[in-house]
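Data file: entry_6.txt. Format and content: compact mmCIF, C-alpha atoms.
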```txt
# COMPACT_ATOMS: atom_id res chain seq x y z
CA MET X 1 -125.03 194.89 -128.25
CA VAL X 2 -127.60 193.11 -126.10
CA LEU X 3 -127.81 190.23 -128.59
CA ALA X 4 -124.02 189.89 -128.67
CA LEU X 5 -123.97 190.06 -124.90
CA ALA X 6 -126.53 187.26 -124.62
CA ALA X 7 -124.66 185.09 -127.13
CA VAL X 8 -121.37 185.49 -125.29
CA TYR X 9 -122.99 184.94 -121.90
CA LEU X 10 -124.61 181.68 -123.04
CA ARG X 11 -121.14 180.35 -123.84
CA GLN X 12 -119.77 181.10 -120.40
CA ALA X 13 -122.86 180.82 -118.21
CA ARG X 14 -121.79 177.65 -116.42
CA ALA X 15 -118.17 178.71 -115.96
CA GLY X 16 -119.14 182.27 -115.00
CA GLY X 17 -121.26 181.18 -112.04
CA MET X 18 -123.22 183.65 -109.97
CA PHE X 19 -120.77 186.48 -110.64
CA GLY X 20 -121.23 185.95 -114.37
CA LEU X 21 -125.01 186.06 -113.99
CA VAL X 22 -124.90 189.29 -111.99
CA ALA X 23 -122.46 190.82 -114.48
CA PHE X 24 -124.67 189.77 -117.39
CA GLY X 25 -127.72 191.30 -115.70
CA ALA X 26 -125.88 194.55 -115.01
CA ALA X 27 -124.63 194.76 -118.60
CA VAL X 28 -128.10 194.06 -120.03
CA LEU X 29 -129.70 196.61 -117.71
CA GLY X 30 -127.04 199.24 -118.44
CA THR X 31 -127.21 198.70 -122.20
CA MET X 32 -130.99 198.89 -122.27
CA TRP X 33 -131.02 201.91 -119.95
CA LEU X 34 -128.52 203.74 -122.13
CA GLY X 35 -130.46 202.76 -125.24
CA ALA X 36 -133.63 204.19 -123.73
CA ASP X 37 -131.81 207.40 -122.86
CA MET X 38 -130.42 207.72 -126.37
CA TRP X 39 -133.85 207.01 -127.86
CA PHE X 40 -135.40 209.73 -125.69
CA GLU X 41 -132.72 212.22 -126.69
CA ALA X 42 -133.01 211.39 -130.39
CA PHE X 43 -136.78 211.27 -130.78
CA CYS X 44 -138.56 212.78 -127.80
CA SER X 45 -136.38 215.77 -127.02
CA PRO X 46 -136.70 217.48 -130.42
CA TRP X 47 -140.48 217.14 -130.35
CA LEU X 48 -140.66 218.25 -126.73
CA LEU X 49 -138.49 221.32 -127.37
CA GLU X 50 -140.56 222.24 -130.39
CA ALA X 51 -143.77 221.95 -128.38
CA VAL X 52 -142.42 223.72 -125.26
CA PRO X 53 -139.36 225.83 -126.20
CA THR X 54 -139.16 227.34 -122.72
CA LEU X 55 -137.69 224.04 -121.54
CA LEU X 56 -134.33 225.26 -122.81
CA THR X 57 -134.34 228.16 -120.35
CA LEU X 58 -135.40 226.16 -117.29
CA GLU X 59 -132.88 225.03 -114.73
CA LYS X 60 -132.04 221.35 -115.11
CA ALA X 61 -133.91 219.27 -112.55
CA LEU X 62 -131.84 216.90 -110.44
CA ILE X 63 -133.91 213.88 -111.52
CA TRP X 64 -132.96 214.48 -115.19
CA GLN X 65 -129.29 214.83 -114.35
CA VAL X 66 -129.32 211.67 -112.22
CA GLY X 67 -131.11 209.73 -114.97
CA TYR X 68 -128.72 210.89 -117.67
CA LEU X 69 -125.54 210.23 -115.70
CA SER X 70 -126.72 206.94 -114.21
CA SER X 71 -127.46 205.49 -117.64
CA PHE X 72 -123.84 205.97 -118.73
CA ALA X 73 -122.45 204.84 -115.37
CA LEU X 74 -124.53 201.66 -115.35
CA PHE X 75 -123.63 200.95 -118.98
CA GLY X 76 -119.92 201.20 -118.22
CA LEU X 77 -120.10 199.33 -114.92
CA GLY X 78 -122.16 196.52 -116.41
CA TRP X 79 -119.73 195.95 -119.24
CA ILE X 80 -116.71 196.19 -116.91
CA LEU X 81 -118.25 193.50 -114.70
CA PHE X 82 -119.10 191.36 -117.71
CA GLY X 83 -115.54 191.65 -119.00
CA LEU X 84 -114.25 190.61 -115.58
CA SER X 85 -116.58 187.61 -115.62
CA CYS X 86 -115.18 186.66 -119.05
CA LEU X 87 -111.67 186.84 -117.65
CA ARG X 88 -112.70 184.85 -114.59
CA ALA X 89 -114.46 182.11 -116.57
CA ARG X 90 -111.43 181.63 -118.88
CA MET X 91 -113.64 180.53 -121.77
CA PHE X 92 -112.35 183.14 -124.23
CA PRO X 93 -108.97 184.66 -125.06
CA THR X 94 -107.69 186.91 -122.29
CA VAL X 95 -107.35 189.77 -124.75
CA ALA X 96 -111.11 189.64 -125.42
CA GLY X 97 -112.02 189.89 -121.74
CA ALA X 98 -109.51 192.68 -121.17
CA GLY X 99 -110.83 194.51 -124.22
CA ILE X 100 -114.38 194.33 -122.87
CA VAL X 101 -113.25 195.68 -119.49
CA ILE X 102 -111.41 198.57 -121.16
CA GLY X 103 -114.28 199.18 -123.60
CA GLY X 104 -116.71 199.30 -120.68
CA ALA X 105 -114.53 201.78 -118.82
CA ILE X 106 -114.31 204.02 -121.88
CA GLY X 107 -118.01 203.42 -122.57
CA VAL X 108 -118.90 205.63 -119.62
CA PHE X 109 -118.31 208.46 -122.11
CA ALA X 110 -120.28 206.74 -124.89
CA ALA X 111 -122.40 209.84 -125.56
CA GLN X 112 -119.42 211.53 -127.16
CA PRO X 113 -117.96 209.98 -130.30
CA PRO X 114 -115.73 207.97 -130.58
CA PHE X 115 -115.95 206.67 -127.00
CA GLY X 116 -118.58 204.04 -127.79
CA ALA X 117 -116.38 202.40 -130.44
CA PRO X 118 -113.83 200.60 -128.20
CA LEU X 119 -116.47 198.31 -126.73
CA GLY X 120 -117.72 197.39 -130.18
CA LEU X 121 -114.14 196.84 -131.31
CA ALA X 122 -113.68 194.43 -128.38
CA VAL X 123 -116.93 192.49 -128.85
CA ALA X 124 -116.74 192.11 -132.65
CA PRO X 125 -113.43 190.16 -132.69
CA LEU X 126 -114.77 187.96 -129.91
CA GLY X 127 -117.74 187.16 -132.15
CA VAL X 128 -115.39 186.28 -135.00
CA TRP X 129 -113.34 184.10 -132.65
CA LEU X 130 -116.50 182.31 -131.47
CA TRP X 131 -117.66 181.81 -135.04
CA ARG X 132 -114.31 180.39 -136.11
CA SER X 133 -114.00 178.14 -133.08
CA ASP X 134 -117.50 176.76 -133.77
CA ARG X 135 -116.59 176.05 -137.37
CA ALA X 136 -113.36 174.34 -136.32
CA THR X 137 -115.12 172.05 -133.85
CA SER X 138 -117.99 171.20 -136.19
CA ALA X 139 -115.83 170.50 -139.25
CA PRO X 140 -115.89 166.84 -140.23
CA LEU X 141 -112.74 164.91 -139.52
CA THR X 142 -110.98 163.59 -142.55
CA THR X 143 -109.17 160.31 -142.47
CA ARG X 144 -105.83 159.81 -144.13
CA ARG X 145 -105.07 156.67 -146.05
```
Now that the file is in, can you turn its structure into structure tokens?
Amino acid sequence: MVLALAAVYLRQARAGGMFGLVAFGAAVLGTMWLGADMWFEAFCSPWLLEAVPTLLTLEKALIWQVGYLSSFALFGLGWILFGLSCLRARMFPTVAGAGIVIGGAIGVFAAQPPFGAPLGLAVAPLGVWLWRSDRATSAPLTTRR
């Protein structure tokens, strides 16, 4: 997602202005933060619980709750802002920007399937559109006789 985000941002960087840059930074930070949280839950938590099983019976510390919830909130907020910057820059179809905004809003619940899918389903068609528009502009012109 970060690579797709960077590719899309590079296309609209000039038109997006400062708002686009801030939105891009928030989306990158939120995506990386959520990725780190998911990595911790997938790989560190099982090992940690095997090593110290009493962790399951301890009361959840506030710092863990804040970290968990903030990763999803920042992920969603970053992508909402980035979608708004896409709409504002008017470099892509309006449907793509609106889809990113909606996918970001739903992405706040990305820990529970299938709530991460809408954002991917918004970004993937935008990638296809970019690919096709590049091919159309780089195709050689034919001359008619």
Taking into account all atoms listed in the file, which residue in the set X:Arg14, X:Ala26, X:Phe115, X:Asp37 is nearest to Val66 (chain X)?
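Closest to Val66 (chain X) of all the choices is X:Asp37.
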For a quick check of understanding, using only C-alpha atoms, which of X:Leu3, X:Val8, X:Ala110, X:Ile80 has the smallest distance to Trp131 (chain X)?
X:Val8
Best match for closeness to Ala23 (chain X) among X:Phe75, X:Phe40, X:Phe92, X:Trp47, counting only C-alpha atoms
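Nearest candidate to Ala23 (chain X) out of X:Phe75, X:Phe40, X:Phe92, X:Trp47: X:Phe75.
If you count all atoms listed in the file and draw a sphere of 12 Å around (-119.8, 196.8, -131.5), the protein and nucleic acid residues inside it come out as Met1, Val2, Leu3, Ala4, Leu5, Gly99, Ile100, Gly103, Gly104, Gly107, Ala110, Pro114, Phe115, Gly116, Ala117, Pro118, Leu119, Gly120, Leu121, Ala122, Val123, Ala124, Pro125, Leu126, Gly127 and Val128 of chain X.
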Contact residues around Phe72 (chain X) with only C-alpha atoms at 10 Å, ignoring same-chain residues under 5 positions, as an NGL selection string:
:X and (30-31 or 33-35 or 37 or 67 or 77-78 or 104 or 107-111)
I'd like to know which of X:Ala61, X:Ala73, X:Ala6, X:Met18 is closest to Ile106 (chain X), using all atoms listed in the file.
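Using all atoms listed in the file, Ile106 (chain X) sits closest to X:Ala73.
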Polymer residues at most 7 Å from Ser85 (chain X), all atoms listed in the file, same-chain spacing of 4 or more positions, as an mmCIF file with C-alpha atoms, keeping the file's coordinate frame:
```
data_model
loop_
_atom_site.group_PDB
_atom_site.id
_atom_site.type_symbol
_atom_site.label_atom_id
_atom_site.label_comp_id
_atom_site.auth_asym_id
_atom_site.auth_seq_id
_atom_site.Cartn_x
_atom_site.Cartn_y
_atom_site.Cartn_z
ATOM 1 C CA GLY X 16 -119.140 182.270 -115.000
ATOM 2 C CA PHE X 19 -120.770 186.480 -110.640
ATOM 3 C CA GLY X 20 -121.230 185.950 -114.370
ATOM 4 C CA ALA X 23 -122.460 190.820 -114.480
ATOM 5 C CA LEU X 81 -118.250 193.500 -114.700
ATOM 6 C CA ALA X 89 -114.460 182.110 -116.570
#
```
Considering all atoms listed in the file, state which residue in the set X:Ala15, X:Val101, X:Leu87, X:Leu48 is at the smallest distance from Ala27 (chain X).
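So, comparing all the options, the nearest one is X:Val101.
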Would you work out the distance separating CA of Ala36 (chain X) from CA of Trp64 (chain X), expressed in Å to one decimal?
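Spanning CA of Ala36 (chain X) to CA of Trp64 (chain X) is a straight-line distance of 13.4 Å.
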